[in-house]
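See below for work_36.csv, which holds CSV, C-alpha atoms.
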```
chain,number,residue,atom,x,y,z
A,1,MET,CA,0.0,0.0,0.0
A,2,SER,CA,1.5,3.3,-1.1
A,3,GLN,CA,1.8,6.2,1.3
A,4,SER,CA,-1.3,8.2,1.8
A,5,VAL,CA,-1.1,11.9,0.7
A,6,MET,CA,-3.7,14.4,1.8
A,7,PHE,CA,-4.4,17.5,-0.4
A,8,MET,CA,-7.3,19.9,-1.0
A,9,ILE,CA,-9.5,20.2,-4.1
A,10,ASP,CA,-11.9,23.1,-4.1
A,11,GLY,CA,-11.7,23.4,-0.4
A,12,VAL,CA,-12.4,19.7,0.2
A,13,GLN,CA,-9.8,17.4,1.8
A,14,VAL,CA,-9.0,14.5,-0.6
A,15,GLU,CA,-6.8,11.4,0.1
A,16,GLY,CA,-4.6,10.1,-2.6
A,17,ARG,CA,-1.6,7.8,-2.8
A,18,ALA,CA,2.0,8.9,-3.4
A,19,GLY,CA,2.8,8.8,-7.1
A,20,GLN,CA,-0.7,9.5,-8.3
A,21,SER,CA,-1.4,12.5,-10.6
A,22,ILE,CA,-3.9,15.1,-9.5
A,23,LEU,CA,-6.3,13.8,-12.2
A,24,GLU,CA,-6.1,10.2,-11.0
A,25,ALA,CA,-6.4,11.0,-7.3
A,26,ALA,CA,-9.3,13.4,-7.9
A,27,GLY,CA,-11.0,10.8,-10.1
A,28,GLU,CA,-10.9,8.2,-7.3
A,29,ALA,CA,-12.4,10.7,-4.9
A,30,GLY,CA,-15.3,11.3,-7.4
A,31,VAL,CA,-14.0,14.7,-8.6
A,32,TYR,CA,-14.1,14.9,-12.4
A,33,ILE,CA,-11.4,16.9,-14.0
A,34,PRO,CA,-12.1,17.4,-17.7
A,35,ARG,CA,-9.6,15.8,-20.0
A,36,LEU,CA,-9.0,14.9,-23.7
A,37,CYS,CA,-5.4,13.7,-24.3
A,38,TYR,CA,-5.5,11.6,-21.1
A,39,LYS,CA,-6.7,8.0,-21.4
A,40,GLU,CA,-6.6,5.5,-18.6
A,41,GLY,CA,-3.9,2.9,-19.4
A,42,LEU,CA,-1.7,5.3,-21.4
A,43,SER,CA,1.1,7.4,-20.2
A,44,PRO,CA,-0.1,11.0,-19.6
A,45,HIS,CA,0.8,13.5,-22.4
A,46,GLY,CA,-0.2,16.9,-20.9
A,47,SER,CA,-0.7,18.4,-24.4
A,48,CYS,CA,-4.4,19.3,-24.6
A,49,ARG,CA,-4.3,21.3,-21.3
A,50,VAL,CA,-8.1,20.8,-20.8
A,51,CYS,CA,-7.3,19.3,-17.4
A,52,THR,CA,-5.6,22.5,-16.3
A,53,VAL,CA,-6.1,23.2,-12.6
A,54,MET,CA,-4.7,25.9,-10.4
A,55,VAL,CA,-2.1,24.3,-8.1
A,56,ASN,CA,-1.2,26.7,-5.3
A,57,GLY,CA,-2.5,29.4,-7.6
A,58,ARG,CA,-0.6,28.4,-10.7
A,59,PRO,CA,-2.0,26.7,-13.8
A,60,MET,CA,-0.8,23.1,-14.2
A,61,SER,CA,-2.0,20.1,-16.2
A,62,ALA,CA,-3.6,17.7,-13.7
A,63,CYS,CA,-2.7,14.6,-15.7
A,64,THR,CA,1.0,15.2,-15.5
A,65,SER,CA,1.3,16.8,-12.0
A,66,PRO,CA,1.8,14.5,-9.1
A,67,ILE,CA,0.0,15.1,-5.9
A,68,SER,CA,1.9,16.3,-2.8
A,69,LEU,CA,1.1,16.8,0.8
A,70,GLY,CA,-1.0,19.9,1.5
A,71,MET,CA,-1.3,20.9,-2.2
A,72,ILE,CA,-4.2,23.3,-2.8
A,73,VAL,CA,-6.0,22.5,-6.1
A,74,GLU,CA,-8.6,24.7,-7.7
A,75,ASN,CA,-10.7,22.7,-10.2
A,76,ASP,CA,-14.3,23.8,-10.2
A,77,SER,CA,-14.1,27.6,-10.4
A,78,PRO,CA,-15.2,30.2,-13.0
A,79,ARG,CA,-11.7,31.1,-14.0
A,80,VAL,CA,-10.6,27.5,-14.5
A,81,ALA,CA,-13.8,26.7,-16.4
A,82,GLN,CA,-13.2,29.8,-18.6
A,83,LEU,CA,-9.7,28.5,-19.5
A,84,ARG,CA,-11.0,25.1,-20.4
A,85,ARG,CA,-13.9,26.5,-22.3
A,86,ASP,CA,-11.5,28.7,-24.4
A,87,LEU,CA,-9.3,25.6,-25.1
A,88,ILE,CA,-12.3,23.6,-26.3
A,89,GLU,CA,-13.5,26.4,-28.5
A,90,MET,CA,-10.1,26.7,-30.0
A,91,LEU,CA,-10.1,23.0,-30.9
A,92,PHE,CA,-13.4,23.4,-32.6
A,93,VAL,CA,-12.3,26.3,-34.9
A,94,ALA,CA,-8.8,24.8,-35.5
A,95,GLY,CA,-10.2,21.7,-37.2
A,96,ASN,CA,-13.1,20.9,-39.4
A,97,HIS,CA,-15.7,19.4,-37.0
A,98,PHE,CA,-18.8,18.6,-38.9
A,99,CYS,CA,-20.7,16.9,-36.1
A,100,MET,CA,-23.9,16.6,-38.2
A,101,PHE,CA,-22.5,13.7,-40.2
A,102,CYS,CA,-19.7,12.4,-38.1
A,103,GLU,CA,-19.9,8.8,-37.1
A,104,LYS,CA,-18.5,9.6,-33.7
A,105,SER,CA,-21.2,12.2,-32.8
A,106,GLY,CA,-22.8,11.3,-29.5
A,107,ASP,CA,-19.7,9.3,-28.5
A,108,CYS,CA,-17.2,12.1,-29.1
A,109,GLU,CA,-15.2,13.4,-26.1
A,110,LEU,CA,-14.6,16.8,-27.6
A,111,GLN,CA,-18.2,17.3,-28.5
A,112,ALA,CA,-19.2,15.9,-25.0
A,113,LEU,CA,-16.9,18.5,-23.3
A,114,ALA,CA,-18.5,21.3,-25.4
A,115,TYR,CA,-21.9,20.1,-24.2
A,116,ARG,CA,-20.8,19.9,-20.6
A,117,PHE,CA,-19.4,23.4,-20.8
A,118,GLY,CA,-22.6,24.6,-22.5
A,119,ILE,CA,-20.8,25.9,-25.6
A,120,THR,CA,-23.4,26.7,-28.3
A,121,ALA,CA,-20.9,28.5,-30.7
A,122,PRO,CA,-17.2,29.3,-30.4
A,123,LYS,CA,-16.2,33.0,-30.1
A,124,TYR,CA,-13.2,32.5,-32.4
A,125,PRO,CA,-13.5,32.6,-36.2
A,126,TYR,CA,-13.4,29.2,-37.9
A,127,MET,CA,-10.1,28.4,-39.7
A,128,PHE,CA,-11.4,25.7,-42.1
A,129,PRO,CA,-7.9,24.2,-42.6
A,130,LYS,CA,-7.2,21.8,-45.5
A,131,ARG,CA,-6.6,18.3,-44.0
A,132,GLU,CA,-6.0,14.9,-45.5
A,133,VAL,CA,-8.1,11.8,-45.2
A,134,ASP,CA,-6.4,8.3,-45.4
A,135,ALA,CA,-9.0,5.6,-46.3
A,136,SER,CA,-6.4,3.2,-47.7
A,137,HIS,CA,-6.7,0.6,-44.9
A,138,PRO,CA,-9.5,-2.0,-45.3
A,139,ASP,CA,-10.7,-1.7,-41.7
A,140,ILE,CA,-9.6,1.7,-40.3
A,141,PHE,CA,-9.6,5.2,-41.7
A,142,ILE,CA,-7.9,8.5,-40.6
A,143,ASP,CA,-9.8,11.7,-41.1
A,144,ARG,CA,-7.4,14.5,-40.1
A,145,ASN,CA,-10.2,17.1,-40.4
A,146,ARG,CA,-11.3,15.9,-37.0
A,147,CYS,CA,-7.9,15.3,-35.4
A,148,ILE,CA,-7.1,17.3,-32.3
A,149,LEU,CA,-3.5,16.1,-31.9
A,150,CYS,CA,-4.0,14.5,-28.5
A,151,GLY,CA,-1.6,11.8,-29.4
A,152,ARG,CA,-3.7,9.0,-27.9
A,153,CYS,CA,-3.2,6.9,-31.0
A,154,VAL,CA,0.5,7.5,-30.9
A,155,ARG,CA,0.8,6.3,-27.3
A,156,ALA,CA,-1.7,3.4,-27.7
A,157,SER,CA,0.2,2.0,-30.7
A,158,LYS,CA,3.5,2.3,-29.0
A,159,GLU,CA,2.7,1.4,-25.4
A,160,LEU,CA,-0.1,-1.1,-25.8
A,161,ASP,CA,0.2,-2.5,-29.4
A,162,GLY,CA,4.0,-2.4,-29.5
A,163,LYS,CA,3.8,-1.1,-33.1
A,164,ASN,CA,4.5,2.6,-33.6
A,165,VAL,CA,2.0,3.0,-36.4
A,166,PHE,CA,1.3,6.6,-35.6
A,167,GLN,CA,3.6,9.6,-35.0
A,168,PHE,CA,3.4,13.4,-35.0
A,169,VAL,CA,5.2,15.2,-37.9
A,170,GLY,CA,5.5,19.0,-38.5
A,171,ARG,CA,5.3,21.9,-36.1
A,172,SER,CA,2.6,24.3,-35.0
A,173,ALA,CA,-0.2,24.7,-37.5
A,174,GLU,CA,1.5,22.2,-39.8
A,175,LYS,CA,1.6,19.5,-37.1
A,176,ARG,CA,-0.3,16.4,-38.0
A,177,ILE,CA,-0.6,12.7,-37.4
A,178,ALA,CA,1.5,10.6,-39.8
A,179,VAL,CA,1.7,6.8,-40.2
A,180,ASN,CA,4.7,4.5,-40.4
A,181,GLY,CA,4.5,4.0,-44.2
A,182,GLU,CA,3.2,5.7,-47.3
A,183,ALA,CA,-0.4,5.2,-46.1
A,184,LEU,CA,-2.2,3.4,-43.3
A,185,ALA,CA,-2.6,0.4,-45.5
A,186,ASP,CA,1.2,0.0,-45.7
A,187,THR,CA,1.6,-0.2,-41.9
A,188,ASP,CA,0.9,-3.2,-39.7
A,189,ALA,CA,-2.2,-1.4,-38.2
A,190,ALA,CA,-5.0,-3.8,-37.4
A,191,VAL,CA,-8.6,-3.2,-36.5
A,192,THR,CA,-8.0,-5.1,-33.2
A,193,ASP,CA,-5.3,-2.6,-32.1
A,194,ALA,CA,-5.8,-0.5,-29.0
A,195,ALA,CA,-4.9,2.4,-31.2
A,196,ALA,CA,-8.0,1.9,-33.3
A,197,ASP,CA,-10.1,2.5,-30.1
A,198,ALA,CA,-7.9,5.3,-28.6
A,199,CYS,CA,-9.2,8.3,-30.6
A,200,PRO,CA,-11.4,10.6,-28.5
A,201,VAL,CA,-12.9,12.2,-31.7
A,202,GLY,CA,-13.8,10.8,-35.1
A,203,ALA,CA,-10.3,11.1,-36.6
A,204,ILE,CA,-9.5,7.3,-36.3
A,205,LEU,CA,-12.5,5.1,-36.8
A,206,LYS,CA,-13.3,1.6,-37.8
A,207,LYS,CA,-15.0,1.1,-41.1
A,208,GLY,CA,-18.3,-0.6,-41.5
A,209,VAL,CA,-19.7,0.1,-38.0
A,210,GLY,CA,-20.7,3.8,-38.2
A,211,TYR,CA,-24.0,4.9,-36.9
A,212,VAL,CA,-24.7,1.5,-35.2
A,213,VAL,CA,-26.0,3.0,-32.0
A,214,PRO,CA,-29.2,5.1,-32.6
A,215,VAL,CA,-29.4,8.7,-31.6
A,216,GLY,CA,-30.6,9.0,-28.1
A,217,LYS,CA,-28.7,5.8,-26.9
A,218,ARG,CA,-25.2,7.0,-27.5
A,219,GLU,CA,-22.7,7.6,-24.6
A,220,TYR,CA,-23.2,11.3,-24.1
A,221,ASP,CA,-26.8,11.8,-25.4
A,222,ASP,CA,-28.3,12.0,-21.9
A,223,LYS,CA,-25.5,12.3,-19.4
A,224,PRO,CA,-22.6,14.8,-19.5
A,225,ILE,CA,-19.1,13.4,-19.8
A,226,GLY,CA,-17.6,12.8,-16.4
A,227,SER,CA,-20.9,11.7,-14.8
A,228,ASP,CA,-19.5,8.2,-14.2
A,229,ILE,CA,-16.6,9.7,-12.2
A,230,GLU,CA,-18.8,12.2,-10.3
A,231,ALA,CA,-21.2,9.3,-9.3
A,232,LYS,CA,-18.3,7.9,-7.2
A,233,ARG,CA,-18.3,11.0,-5.0
A,234,PRO,CA,-19.5,10.3,-1.5
A,235,ALA,CA,-22.7,12.1,-0.7
A,236,ALA,CA,-22.2,15.3,1.3
A,237,GLY,CA,-22.1,14.7,5.1
A,238,SER,CA,-21.4,11.0,4.8
B,1,MET,CA,-51.1,45.0,-26.4
B,2,ALA,CA,-50.1,43.8,-29.8
B,3,LYS,CA,-48.5,40.4,-30.1
B,4,PRO,CA,-44.7,40.5,-30.5
B,5,LYS,CA,-43.5,39.8,-34.1
B,6,ILE,CA,-41.2,37.0,-35.1
B,7,ALA,CA,-39.4,36.7,-38.4
B,8,THR,CA,-37.6,33.7,-39.9
B,9,THR,CA,-35.4,33.1,-42.9
B,10,SER,CA,-33.3,30.4,-44.5
B,11,LEU,CA,-30.0,31.6,-45.9
B,12,ALA,CA,-27.4,28.9,-46.9
B,13,GLY,CA,-29.5,26.2,-45.3
B,14,CYS,CA,-31.8,23.4,-46.3
B,15,PHE,CA,-35.0,24.5,-44.6
B,16,GLY,CA,-34.6,21.5,-42.3
B,17,CYS,CA,-34.6,23.9,-39.3
B,18,HIS,CA,-37.8,25.4,-40.5
B,19,MET,CA,-39.2,21.9,-40.8
B,20,SER,CA,-38.1,21.3,-37.2
B,21,LEU,CA,-40.0,24.4,-36.1
B,22,LEU,CA,-43.1,23.0,-37.8
B,23,ASP,CA,-42.4,19.8,-35.8
B,24,ILE,CA,-43.6,21.5,-32.6
B,25,ASP,CA,-46.9,20.0,-33.9
B,26,GLU,CA,-50.1,21.2,-32.1
B,27,ARG,CA,-48.0,23.7,-30.1
B,28,ILE,CA,-48.0,25.8,-33.3
B,29,LEU,CA,-51.5,26.9,-32.2
B,30,GLU,CA,-50.1,28.1,-28.9
B,31,LEU,CA,-47.3,29.8,-30.8
B,32,VAL,CA,-49.7,31.8,-33.0
B,33,GLU,CA,-51.4,32.9,-29.8
B,34,LEU,CA,-48.1,34.2,-28.5
B,35,VAL,CA,-46.6,35.8,-31.6
B,36,GLU,CA,-47.4,37.2,-35.0
B,37,PHE,CA,-45.2,36.0,-37.9
B,38,ASP,CA,-43.6,38.8,-40.0
B,39,LYS,CA,-41.2,38.2,-42.8
B,40,SER,CA,-41.0,34.5,-43.0
B,41,PRO,CA,-41.4,31.6,-45.4
B,42,VAL,CA,-44.1,30.3,-42.9
B,43,ASP,CA,-46.6,33.0,-44.0
B,44,ASP,CA,-44.7,34.0,-47.2
B,45,ILE,CA,-44.4,37.7,-46.2
B,46,LYS,CA,-41.5,38.9,-48.3
B,47,ASN,CA,-40.6,42.2,-46.6
B,48,PHE,CA,-40.5,43.4,-43.0
B,49,THR,CA,-43.6,45.2,-42.0
B,50,GLY,CA,-42.2,46.5,-38.7
B,51,ARG,CA,-40.0,45.9,-35.7
B,52,CYS,CA,-39.7,42.3,-34.7
B,53,ALA,CA,-39.0,40.9,-31.3
B,54,ILE,CA,-37.2,37.8,-32.5
B,55,GLY,CA,-35.5,36.8,-35.7
B,56,LEU,CA,-34.6,33.2,-36.4
B,57,VAL,CA,-31.8,32.7,-38.9
B,58,GLU,CA,-31.2,29.3,-40.5
B,59,GLY,CA,-28.1,28.9,-42.6
B,60,GLY,CA,-24.8,30.8,-42.9
B,61,CYS,CA,-23.8,33.2,-45.7
B,62,CYS,CA,-22.5,31.7,-48.9
B,63,ASN,CA,-23.4,34.7,-51.2
B,64,GLU,CA,-24.0,38.5,-51.0
B,65,HIS,CA,-27.7,38.1,-50.9
B,66,ASN,CA,-27.4,36.0,-47.7
B,67,VAL,CA,-25.4,38.9,-46.2
B,68,ASP,CA,-28.0,41.5,-47.3
B,69,VAL,CA,-30.8,39.5,-45.8
B,70,LEU,CA,-28.9,38.7,-42.6
B,71,ARG,CA,-28.0,42.4,-42.1
B,72,GLU,CA,-31.7,43.3,-42.7
B,73,PHE,CA,-32.7,40.8,-40.0
B,74,ARG,CA,-30.2,42.4,-37.6
B,75,ARG,CA,-31.6,45.8,-38.3
B,76,HIS,CA,-35.3,44.8,-37.8
B,77,CYS,CA,-35.0,42.3,-34.9
B,78,ASP,CA,-34.4,43.0,-31.2
B,79,ILE,CA,-33.1,39.4,-30.6
B,80,LEU,CA,-31.4,37.5,-33.4
B,81,ILE,CA,-30.9,33.8,-33.0
B,82,SER,CA,-28.7,31.5,-35.1
B,83,VAL,CA,-30.7,28.3,-35.6
B,84,GLY,CA,-28.9,25.1,-36.6
B,85,ASP,CA,-25.4,24.1,-37.4
B,86,CYS,CA,-25.2,26.0,-40.7
B,87,ALA,CA,-25.9,29.3,-39.0
B,88,THR,CA,-23.6,28.5,-36.1
B,89,MET,CA,-20.6,26.9,-37.9
B,90,GLY,CA,-21.3,27.0,-41.7
B,91,GLY,CA,-22.6,23.4,-41.8
B,92,ILE,CA,-22.7,21.3,-44.9
B,93,PRO,CA,-22.3,24.3,-47.3
B,94,ALA,CA,-19.0,25.1,-45.5
B,95,LEU,CA,-17.5,21.8,-46.7
B,96,ARG,CA,-16.4,23.9,-49.7
B,97,ASN,CA,-14.4,26.1,-47.4
B,98,THR,CA,-11.3,23.9,-47.7
B,99,VAL,CA,-11.5,23.9,-51.5
B,100,PRO,CA,-10.4,27.1,-53.4
B,101,LEU,CA,-13.4,28.9,-54.9
B,102,ARG,CA,-12.1,28.6,-58.5
B,103,GLU,CA,-12.0,24.8,-58.1
B,104,CYS,CA,-15.5,24.8,-56.8
B,105,LEU,CA,-16.8,26.9,-59.7
B,106,ASP,CA,-14.9,24.8,-62.3
B,107,GLU,CA,-16.3,21.6,-60.9
B,108,ALA,CA,-19.9,23.1,-60.8
B,109,PHE,CA,-19.9,24.9,-64.2
B,110,VAL,CA,-17.0,23.5,-66.4
B,111,ASN,CA,-15.6,20.2,-65.4
B,112,GLY,CA,-18.4,18.4,-63.6
B,113,PRO,CA,-19.4,15.0,-65.1
B,114,SER,CA,-22.9,16.2,-65.9
B,115,VAL,CA,-22.1,19.7,-67.0
B,116,HIS,CA,-23.0,20.9,-70.5
B,117,ASN,CA,-21.5,24.3,-70.9
B,118,PRO,CA,-19.8,24.6,-74.3
B,119,ASP,CA,-18.3,28.1,-73.8
B,120,GLY,CA,-17.0,27.2,-70.3
B,121,LYS,CA,-18.2,30.4,-68.7
B,122,TYR,CA,-19.5,30.8,-65.2
B,123,PRO,CA,-23.1,32.1,-65.0
B,124,ASP,CA,-22.8,35.8,-64.6
B,125,ASP,CA,-26.3,37.2,-64.9
B,126,PRO,CA,-26.6,40.3,-62.7
B,127,GLU,CA,-29.7,38.6,-61.1
B,128,ILE,CA,-27.5,35.9,-59.6
B,129,PRO,CA,-26.0,37.0,-56.3
B,130,LEU,CA,-22.2,37.0,-56.1
B,131,ILE,CA,-20.8,34.0,-54.3
B,132,LEU,CA,-18.5,34.7,-51.4
B,133,ASP,CA,-15.0,33.4,-51.1
B,134,LYS,CA,-16.2,30.9,-48.4
B,135,VAL,CA,-19.2,30.2,-46.3
B,136,TYR,CA,-19.5,32.3,-43.1
B,137,PRO,CA,-21.4,31.4,-40.0
B,138,ALA,CA,-24.0,34.1,-39.2
B,139,HIS,CA,-22.1,35.5,-36.1
B,140,GLU,CA,-19.0,36.2,-38.3
B,141,VAL,CA,-21.2,38.7,-40.3
B,142,VAL,CA,-23.5,40.3,-37.7
B,143,LYS,CA,-23.9,40.2,-33.9
B,144,ILE,CA,-26.0,37.1,-32.9
B,145,ASP,CA,-27.7,37.0,-29.5
B,146,TYR,CA,-28.4,33.3,-29.1
B,147,PHE,CA,-27.3,30.1,-30.7
B,148,LEU,CA,-29.4,27.0,-31.1
B,149,PRO,CA,-27.1,24.4,-32.7
B,150,GLY,CA,-28.2,21.1,-34.1
B,151,CYS,CA,-28.9,19.5,-37.4
B,152,PRO,CA,-31.6,20.5,-37.0
B,153,PRO,CA,-32.2,21.7,-33.4
B,154,THR,CA,-35.1,19.6,-32.2
B,155,ALA,CA,-38.6,21.1,-32.1
B,156,ASP,CA,-38.4,21.0,-28.3
B,157,THR,CA,-35.2,23.1,-28.4
B,158,LEU,CA,-36.8,25.7,-30.6
B,159,TRP,CA,-40.0,25.7,-28.5
B,160,GLU,CA,-38.3,26.0,-25.1
B,161,ALA,CA,-36.0,28.8,-26.3
B,162,LEU,CA,-38.9,30.8,-27.9
B,163,VAL,CA,-41.2,30.3,-24.9
B,164,ALA,CA,-38.4,31.5,-22.5
B,165,LEU,CA,-37.6,34.6,-24.6
B,166,LEU,CA,-41.3,35.5,-25.1
B,167,ASN,CA,-41.8,35.3,-21.4
B,168,ASP,CA,-38.7,37.4,-20.6
B,169,LYS,CA,-37.0,34.4,-19.0
B,170,PRO,CA,-33.4,33.4,-19.5
B,171,VAL,CA,-32.8,30.7,-22.1
B,172,GLU,CA,-31.5,27.8,-20.0
B,173,LEU,CA,-32.0,24.7,-22.0
B,174,PRO,CA,-31.5,21.2,-20.4
B,175,TYR,CA,-28.5,19.1,-21.4
B,176,GLN,CA,-30.5,16.9,-23.7
B,177,LEU,CA,-31.7,19.9,-25.9
B,178,VAL,CA,-28.3,21.4,-26.9
B,179,LYS,CA,-26.8,19.0,-29.4
B,180,TYR,CA,-24.7,19.4,-32.6
B,181,ASP,CA,-26.3,16.7,-34.6
```

Would you mind writing the file out in structure tokens?
Amino acid sequence: MSQSVMFMIDGVQVEGRAGQSILEAAGEAGVYIPRLCYKEGLSPHGSCRVCTVMVNGRPMSACTSPISLGMIVENDSPRVAQLRRDLIEMLFVAGNHFCMFCEKSGDCELQALAYRFGITAPKYPYMFPKREVDASHPDIFIDRNRCILCGRCVRASKELDGKNVFQFVGRSAEKRIAVNGEALADTDAAVTDAAADACPVGAILKKGVGYVVPVGKREYDDKPIGSDIEAKRPAAGS
Amino acid sequence: MAKPKIATTSLAGCFGCHMSLLDIDERILELVELVEFDKSPVDDIKNFTGRCAIGLVEGGCCNEHNVDVLREFRRHCDILISVGDCATMGGIPALRNTVPLRECLDEAFVNGPSVHNPDGKYPDDPEIPLILDKVYPAHEVVKIDYFLPGCPPTADTLWEALVALLNDKPVELPYQLVKYD
């Protein structure tokens, strides 16, 4: 049993274990910290910054910051919510997110976060960048229009599949996901790979299974993202 | 007191949002008790007859006519609402935004597989509104007060928002009613 570490989130004492990140320890205590590039079972990346919290008054990514004794974390506050909201809005305008025909709609973590934050339209102008689609593989396709560069496919392929199918190339606005070959069909990517299930948005999807779940029964149709984590929170006073 | 007026229009949209408005079913009888329709395809009034309390805008702007109509709506309406994904983010028409305009026009009027156009000229009759370089969401052209995304927003979404506004209540829609698909 690892050493117990007590810290505070939004004025509430939380007990975590030494070595845990703020995001993990908060999650076990039923405190949801929004996240996109973090996925359980993968090493944290700290790139999307949606899990930004104020740690002793300074912004830090909760997925990469370990907890420490007496740490004071601010998670559910207007200024933190505004930061996260702005990040989510920027992701929407930086790509081409056509939710109305996307197979991932209703199960998309980016969309679900926008719903949770009550975003009806981003305040930034849309960029409509030109992005490439790779439909060469028989079972999986990449639609970079929807890619948010979270790197979950990169880590899943490397850490869980042991394959290195995906990698980032380019810098800044030119940054994109590339594959280990001319096209996805030339790689050893398989539909059974963890990487094929790692994408939070509709950028890497399996072919032939789109729109299987009817509208109204999808993951985030009725419940906001994070509801499962918040359900673990002990009732007040108990 | 006279009933507040409401105006609606479809710019670069498919009229699906208007269909969704009709989908409020028998509540349309309650709606006509609450409001009077001004310029709208619902009653086919072509020009504004006066000040409107609410304007519902479906679709973004793909040509100069859309811009003119949208600005006219802004001038005549106290509250202007973007209805649907096309008005809020460009929607399906905005798929052309990643393709250069000349390529779009060439495909439509010169090179398309079903095109018969021997002189290879783009239609340029002055009656045809000029196409814009890309499709713009409504709020990138005029100030928009409320956004009701969805493709289309459900009848319940439109109903709840309208009823709240007409009763001077804040528009606070439940989680299930704000969706992008």

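CA of Ile92 in chain B lies 15.5 Å from CA of Lys130 in chain A.
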
Between B:Asp168, B:Asp133, B:Asp23, B:Asp181, single out the one closest to chain A, counting only C-alpha atoms.
->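 Closest to chain A, using only C-alpha atoms: B:Asp181.
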
Return the neighbours of chain B among the residues of chain A, cut-off 7 Å, counting only C-alpha atoms, as a ChimeraX atom specification.
-> /A:98-100,120-121,125,128-130,221-222

Taking (-44.7, 29.3, -29.7) in the file's own coordinates, collect the residues within 7 Å, counting all atoms listed in the file, and hand them back as number ranges by chain.
-> B: 27-28, 30-32, 34, 159, 162-163

Just give me the gap between CA of Leu80 in chain B and CA of Asp44 in chain B in Å, one decimal is fine.
->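 Result for CA of Leu80 in chain B versus CA of Asp44 in chain B: 19.5 Å, one decimal.
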
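Shortest atom-to-atom contact with Ala112 in chain A among A:Cys199, A:Val73, A:Ser2, A:Leu36: A:Leu36, counting all atoms listed in the file.
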
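Picture a line from CA of Thr64 in chain A to CA of Ile177 in chain A; it runs 22.1 Å.
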
Which residues come within 12 Å of Asn167 in chain B, counting all atoms listed in the file, excluding same-chain residues fewer than 3 positions away, as a PyMOL selection string?
-> chain B and resi 4+34-35+53+160-164+170-171

Just to be explicit: take each residue in the selection above, keep C-alpha atoms, and write the result as a PDB file, keeping the file's coordinate frame.
```pdb
ATOM      1  CA  PRO B   4     -44.700  40.500 -30.500  1.00  0.00           C
ATOM      2  CA  LEU B  34     -48.100  34.200 -28.500  1.00  0.00           C
ATOM      3  CA  VAL B  35     -46.600  35.800 -31.600  1.00  0.00           C
ATOM      4  CA  ALA B  53     -39.000  40.900 -31.300  1.00  0.00           C
ATOM      5  CA  GLU B 160     -38.300  26.000 -25.100  1.00  0.00           C
ATOM      6  CA  ALA B 161     -36.000  28.800 -26.300  1.00  0.00           C
ATOM      7  CA  LEU B 162     -38.900  30.800 -27.900  1.00  0.00           C
ATOM      8  CA  VAL B 163     -41.200  30.300 -24.900  1.00  0.00           C
ATOM      9  CA  ALA B 164     -38.400  31.500 -22.500  1.00  0.00           C
ATOM     10  CA  PRO B 170     -33.400  33.400 -19.500  1.00  0.00           C
ATOM     11  CA  VAL B 171     -32.800  30.700 -22.100  1.00  0.00           C
TER      12      VAL B 171
END
```

Residue among B:Thr157, B:Asn66, B:Ser10, B:Ser114 lying closest to Val142 in chain B, counting only C-alpha atoms =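 Checking each candidate against Val142 in chain B, we get B:Asn66 as the closest.
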
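By all atoms listed in the file, and with residues fewer than 5 positions from range 147-163 of chain A along its chain excluded, the set lying at most 8 Å from it is Leu36, Cys37, Tyr38, Lys39, Leu42, Ser43, His45, Ser47, Cys48, Leu91, Gly95, Phe168, Arg176, Ile177, Asp188, Ala189, Asp193, Ala194, Ala195, Ala196, Ala198, Cys199, Pro200, Val201, Gly202 and Ala203 of chain A.
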
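Using all atoms listed in the file, the shortest contact distance between Ala185 in chain A and any of A:Cys51, A:Ile229, A:Val212, A:Ala135 is found at A:Ala135.
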
Find the spatial neighbours of Arg71 in chain B, counting all atoms listed in the file, within a cut-off of 12 Å - ignore same-chain residues fewer than 5 positions away - and output them as a list in words.
->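 The residues that qualify are Thr9, Leu11, Gly55, Val57, Cys61, Glu64, His65, Asn66, His76, Cys77, Leu80, Ala138, His139, Glu140, Val141, Val142, Lys143 and Ile144 of chain B.
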
Fewer than 4 positions away in the same chain doesn't count, so skip those; otherwise give me all residues within 12 Å of Val5 in chain A, counting only C-alpha atoms, as a list of chain:residue names.
-> A:Met1, A:Gln13, A:Val14, A:Glu15, A:Gly16, A:Arg17, A:Ala18, A:Gly19, A:Gln20, A:Ser21, A:Ile22, A:Ala25, A:Ala26, A:Pro66, A:Ile67, A:Ser68, A:Leu69, A:Gly70, A:Met71

Write to file, as an mmCIF file, in the coordinates of the input, the residues of the selection just made, with C-alpha atoms.
```cif
data_model
loop_
_atom_site.group_PDB
_atom_site.id
_atom_site.type_symbol
_atom_site.label_atom_id
_atom_site.label_comp_id
_atom_site.auth_asym_id
_atom_site.auth_seq_id
_atom_site.Cartn_x
_atom_site.Cartn_y
_atom_site.Cartn_z
ATOM 1 C CA MET A 1 0.000 0.000 0.000
ATOM 2 C CA GLN A 13 -9.800 17.400 1.800
ATOM 3 C CA VAL A 14 -9.000 14.500 -0.600
ATOM 4 C CA GLU A 15 -6.800 11.400 0.100
ATOM 5 C CA GLY A 16 -4.600 10.100 -2.600
ATOM 6 C CA ARG A 17 -1.600 7.800 -2.800
ATOM 7 C CA ALA A 18 2.000 8.900 -3.400
ATOM 8 C CA GLY A 19 2.800 8.800 -7.100
ATOM 9 C CA GLN A 20 -0.700 9.500 -8.300
ATOM 10 C CA SER A 21 -1.400 12.500 -10.600
ATOM 11 C CA ILE A 22 -3.900 15.100 -9.500
ATOM 12 C CA ALA A 25 -6.400 11.000 -7.300
ATOM 13 C CA ALA A 26 -9.300 13.400 -7.900
ATOM 14 C CA PRO A 66 1.800 14.500 -9.100
ATOM 15 C CA ILE A 67 0.000 15.100 -5.900
ATOM 16 C CA SER A 68 1.900 16.300 -2.800
ATOM 17 C CA LEU A 69 1.100 16.800 0.800
ATOM 18 C CA GLY A 70 -1.000 19.900 1.500
ATOM 19 C CA MET A 71 -1.300 20.900 -2.200
#
```
